[in-house]
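Heads up: the structure comes next, in structure tokens.
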Amino acid sequence: QYREKMIEAAVEMDETALENYLEGNMPSNDEIRALIRKGTIAVKFFPMFCGSAFKNKGVQPLLDAVVEYLP
């Protein structure tokens, strides 16, 4: 249910993606990533990550997200 909400928020970043989604076509993972990047750059929403540098948990996914979603 949360993934569906995330996808709905992401497709709102692009008119074509929104139309396709409303027609029942799910965006691919690459399209979702591109839409999340677009929304992040536009300051429409903010990806959230958690982890612990002390225990080295969640650090790599955070770094990957910085590269993928931020300008």
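The chains in the structure tokens are called A, B, ... from first to last as shown; in each chain the residues are counted from 1, and the ligands are counted from 1 in the order shown.
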
* Shell around stretch 26-33 of chain A at 12 Å using only C-alpha atoms, local window under 5 positions removed, as a list in words ->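 Once the nearby chain positions are removed, what remains is Arg3, Glu4, Met6, Ile7, Glu8, Ala9, Ala10, Val11, Glu12, Met13, Asp14, Thr16, Ala17, Leu18, Glu19, Asn20, Tyr21, Lys38, Gly39, Thr40, Pro47, Asp64, Ala65, Val67, Glu68, Tyr69 and Leu70 of chain A.
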
Go ahead and write the residues just picked, N, CA and C atoms, as a PDB file, in the first residue's frame.
```pdb
ATOM      1  N   ARG A   3       3.951   1.439  -1.251  1.00  0.00           N
ATOM      2  CA  ARG A   3       4.577   1.503  -2.573  1.00  0.00           C
ATOM      3  C   ARG A   3       3.622   2.148  -3.570  1.00  0.00           C
ATOM      4  N   GLU A   4       2.356   1.802  -3.484  1.00  0.00           N
ATOM      5  CA  GLU A   4       1.356   2.376  -4.381  1.00  0.00           C
ATOM      6  C   GLU A   4       1.256   3.891  -4.181  1.00  0.00           C
ATOM      7  N   MET A   6       3.656   5.816  -3.077  1.00  0.00           N
ATOM      8  CA  MET A   6       4.887   6.388  -3.598  1.00  0.00           C
ATOM      9  C   MET A   6       4.816   6.515  -5.116  1.00  0.00           C
ATOM     10  N   ILE A   7       4.302   5.475  -5.773  1.00  0.00           N
ATOM     11  CA  ILE A   7       4.192   5.506  -7.228  1.00  0.00           C
ATOM     12  C   ILE A   7       3.225   6.605  -7.655  1.00  0.00           C
ATOM     13  N   GLU A   8       2.111   6.746  -6.957  1.00  0.00           N
ATOM     14  CA  GLU A   8       1.149   7.803  -7.281  1.00  0.00           C
ATOM     15  C   GLU A   8       1.788   9.182  -7.153  1.00  0.00           C
ATOM     16  N   ALA A   9       2.579   9.393  -6.112  1.00  0.00           N
ATOM     17  CA  ALA A   9       3.261  10.678  -5.944  1.00  0.00           C
ATOM     18  C   ALA A   9       4.295  10.882  -7.044  1.00  0.00           C
ATOM     19  N   ALA A  10       5.000   9.824  -7.418  1.00  0.00           N
ATOM     20  CA  ALA A  10       6.044   9.935  -8.437  1.00  0.00           C
ATOM     21  C   ALA A  10       5.462  10.248  -9.809  1.00  0.00           C
ATOM     22  N   VAL A  11       4.386   9.573 -10.196  1.00  0.00           N
ATOM     23  CA  VAL A  11       3.835   9.794 -11.541  1.00  0.00           C
ATOM     24  C   VAL A  11       3.230  11.188 -11.684  1.00  0.00           C
ATOM     25  N   GLU A  12       2.930  11.841 -10.581  1.00  0.00           N
ATOM     26  CA  GLU A  12       2.422  13.210 -10.660  1.00  0.00           C
ATOM     27  C   GLU A  12       3.486  14.193 -11.138  1.00  0.00           C
ATOM     28  N   MET A  13       4.729  13.763 -11.210  1.00  0.00           N
ATOM     29  CA  MET A  13       5.811  14.623 -11.666  1.00  0.00           C
ATOM     30  C   MET A  13       5.851  14.749 -13.187  1.00  0.00           C
ATOM     31  N   ASP A  14       5.119  13.882 -13.890  1.00  0.00           N
ATOM     32  CA  ASP A  14       5.171  13.875 -15.353  1.00  0.00           C
ATOM     33  C   ASP A  14       3.782  13.570 -15.908  1.00  0.00           C
ATOM     34  N   THR A  16       2.747  12.575 -18.894  1.00  0.00           N
ATOM     35  CA  THR A  16       2.630  11.326 -19.654  1.00  0.00           C
ATOM     36  C   THR A  16       2.611  10.123 -18.723  1.00  0.00           C
ATOM     37  N   ALA A  17       3.483  10.128 -17.733  1.00  0.00           N
ATOM     38  CA  ALA A  17       3.525   9.021 -16.770  1.00  0.00           C
ATOM     39  C   ALA A  17       2.210   8.929 -16.001  1.00  0.00           C
ATOM     40  N   LEU A  18       1.639  10.073 -15.659  1.00  0.00           N
ATOM     41  CA  LEU A  18       0.366  10.090 -14.938  1.00  0.00           C
ATOM     42  C   LEU A  18      -0.757   9.517 -15.803  1.00  0.00           C
ATOM     43  N   GLU A  19      -0.799   9.921 -17.071  1.00  0.00           N
ATOM     44  CA  GLU A  19      -1.825   9.395 -17.981  1.00  0.00           C
ATOM     45  C   GLU A  19      -1.689   7.882 -18.136  1.00  0.00           C
ATOM     46  N   ASN A  20      -0.455   7.420 -18.324  1.00  0.00           N
ATOM     47  CA  ASN A  20      -0.225   5.976 -18.461  1.00  0.00           C
ATOM     48  C   ASN A  20      -0.651   5.229 -17.202  1.00  0.00           C
ATOM     49  N   TYR A  21      -0.341   5.784 -16.040  1.00  0.00           N
ATOM     50  CA  TYR A  21      -0.699   5.144 -14.774  1.00  0.00           C
ATOM     51  C   TYR A  21      -2.217   5.076 -14.609  1.00  0.00           C
ATOM     52  N   LYS A  38      13.185  13.528 -10.378  1.00  0.00           N
ATOM     53  CA  LYS A  38      12.542  14.758 -10.844  1.00  0.00           C
ATOM     54  C   LYS A  38      11.801  15.446  -9.694  1.00  0.00           C
ATOM     55  N   GLY A  39      11.071  14.681  -8.896  1.00  0.00           N
ATOM     56  CA  GLY A  39      10.351  15.244  -7.756  1.00  0.00           C
ATOM     57  C   GLY A  39      11.272  15.763  -6.671  1.00  0.00           C
ATOM     58  N   THR A  40      12.388  15.077  -6.464  1.00  0.00           N
ATOM     59  CA  THR A  40      13.360  15.506  -5.458  1.00  0.00           C
ATOM     60  C   THR A  40      14.013  16.820  -5.870  1.00  0.00           C
ATOM     61  N   PRO A  47      13.028  11.825  -0.463  1.00  0.00           N
ATOM     62  CA  PRO A  47      13.285  10.421  -0.113  1.00  0.00           C
ATOM     63  C   PRO A  47      13.826  10.342   1.319  1.00  0.00           C
ATOM     64  N   ASP A  64      24.092   5.573  -2.403  1.00  0.00           N
ATOM     65  CA  ASP A  64      23.534   5.280  -3.727  1.00  0.00           C
ATOM     66  C   ASP A  64      22.390   6.238  -4.053  1.00  0.00           C
ATOM     67  N   ALA A  65      21.548   6.523  -3.072  1.00  0.00           N
ATOM     68  CA  ALA A  65      20.417   7.430  -3.286  1.00  0.00           C
ATOM     69  C   ALA A  65      20.886   8.859  -3.535  1.00  0.00           C
ATOM     70  N   VAL A  67      23.610   9.749  -5.021  1.00  0.00           N
ATOM     71  CA  VAL A  67      24.078   9.771  -6.409  1.00  0.00           C
ATOM     72  C   VAL A  67      22.901   9.723  -7.381  1.00  0.00           C
ATOM     73  N   GLU A  68      21.905   8.915  -7.075  1.00  0.00           N
ATOM     74  CA  GLU A  68      20.805   8.678  -8.011  1.00  0.00           C
ATOM     75  C   GLU A  68      19.758   9.795  -8.023  1.00  0.00           C
ATOM     76  N   TYR A  69      19.461  10.389  -6.883  1.00  0.00           N
ATOM     77  CA  TYR A  69      18.332  11.306  -6.798  1.00  0.00           C
ATOM     78  C   TYR A  69      18.689  12.781  -6.690  1.00  0.00           C
ATOM     79  N   LEU A  70      19.876  13.107  -6.234  1.00  0.00           N
ATOM     80  CA  LEU A  70      20.226  14.511  -6.045  1.00  0.00           C
ATOM     81  C   LEU A  70      20.989  15.046  -7.251  1.00  0.00           C
TER      82      LEU A  70
END
```

Spatial neighbours of A:Ala53, 12 Å, only C-alpha atoms, chain gap at least 6 places, as a JSON list (two decimals) with C-alpha atoms, in the first residue's frame:
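The file below, around_22.json, is the result:
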```json
[["chain", "number", "residue", "atom", "x", "y", "z"],
["A", 59, "VAL", "CA", 25.21, 3.67, 4.64],
["A", 60, "GLN", "CA", 25.61, 2.28, 1.12],
["A", 61, "PRO", "CA", 21.90, 2.64, 0.20],
["A", 62, "LEU", "CA", 22.08, 6.25, 1.41],
["A", 63, "LEU", "CA", 25.15, 6.98, -0.72]]
```

* So which residues of chain A fall under helix (DSSP H, G or I) by DSSP, listed as a ChimeraX atom specification? -> /A:2-11,15-22,29-41,59-69

Expected file: the selected residues, C-alpha atoms, as a short mmCIF file (atom, residue, chain, number, x, y, z; two decimals), in the first residue's frame:
```cif
data_model
loop_
_atom_site.label_atom_id
_atom_site.label_comp_id
_atom_site.auth_asym_id
_atom_site.auth_seq_id
_atom_site.Cartn_x
_atom_site.Cartn_y
_atom_site.Cartn_z
CA TYR A 2 2.90 2.42 0.70
CA ARG A 3 4.58 1.50 -2.57
CA GLU A 4 1.36 2.38 -4.38
CA LYS A 5 1.25 5.78 -2.66
CA MET A 6 4.89 6.39 -3.60
CA ILE A 7 4.19 5.51 -7.23
CA GLU A 8 1.15 7.80 -7.28
CA ALA A 9 3.26 10.68 -5.94
CA ALA A 10 6.04 9.93 -8.44
CA VAL A 11 3.83 9.79 -11.54
CA GLU A 15 1.97 14.29 -17.35
CA THR A 16 2.63 11.33 -19.65
CA ALA A 17 3.52 9.02 -16.77
CA LEU A 18 0.37 10.09 -14.94
CA GLU A 19 -1.82 9.40 -17.98
CA ASN A 20 -0.23 5.98 -18.46
CA TYR A 21 -0.70 5.14 -14.77
CA LEU A 22 -4.35 6.18 -14.84
CA ASN A 29 11.47 0.66 -11.85
CA ASP A 30 13.75 2.86 -13.98
CA GLU A 31 10.85 5.22 -14.72
CA ILE A 32 9.97 5.37 -11.02
CA ARG A 33 13.57 6.23 -10.14
CA ALA A 34 13.62 8.98 -12.80
CA LEU A 35 10.34 10.40 -11.51
CA ILE A 36 11.58 10.34 -7.90
CA ARG A 37 14.70 12.21 -9.03
CA LYS A 38 12.54 14.76 -10.84
CA GLY A 39 10.35 15.24 -7.76
CA THR A 40 13.36 15.51 -5.46
CA ILE A 41 15.04 18.14 -7.63
CA VAL A 59 25.21 3.67 4.64
CA GLN A 60 25.61 2.28 1.12
CA PRO A 61 21.90 2.64 0.20
CA LEU A 62 22.08 6.25 1.41
CA LEU A 63 25.15 6.98 -0.72
CA ASP A 64 23.53 5.28 -3.73
CA ALA A 65 20.42 7.43 -3.29
CA VAL A 66 22.48 10.63 -3.07
CA VAL A 67 24.08 9.77 -6.41
CA GLU A 68 20.81 8.68 -8.01
CA TYR A 69 18.33 11.31 -6.80
#
```

* What does the distance between atom CA of A:Gly58 and atom CA of A:Gln1 come to in Å, to one decimal place? -> 23.0 Å
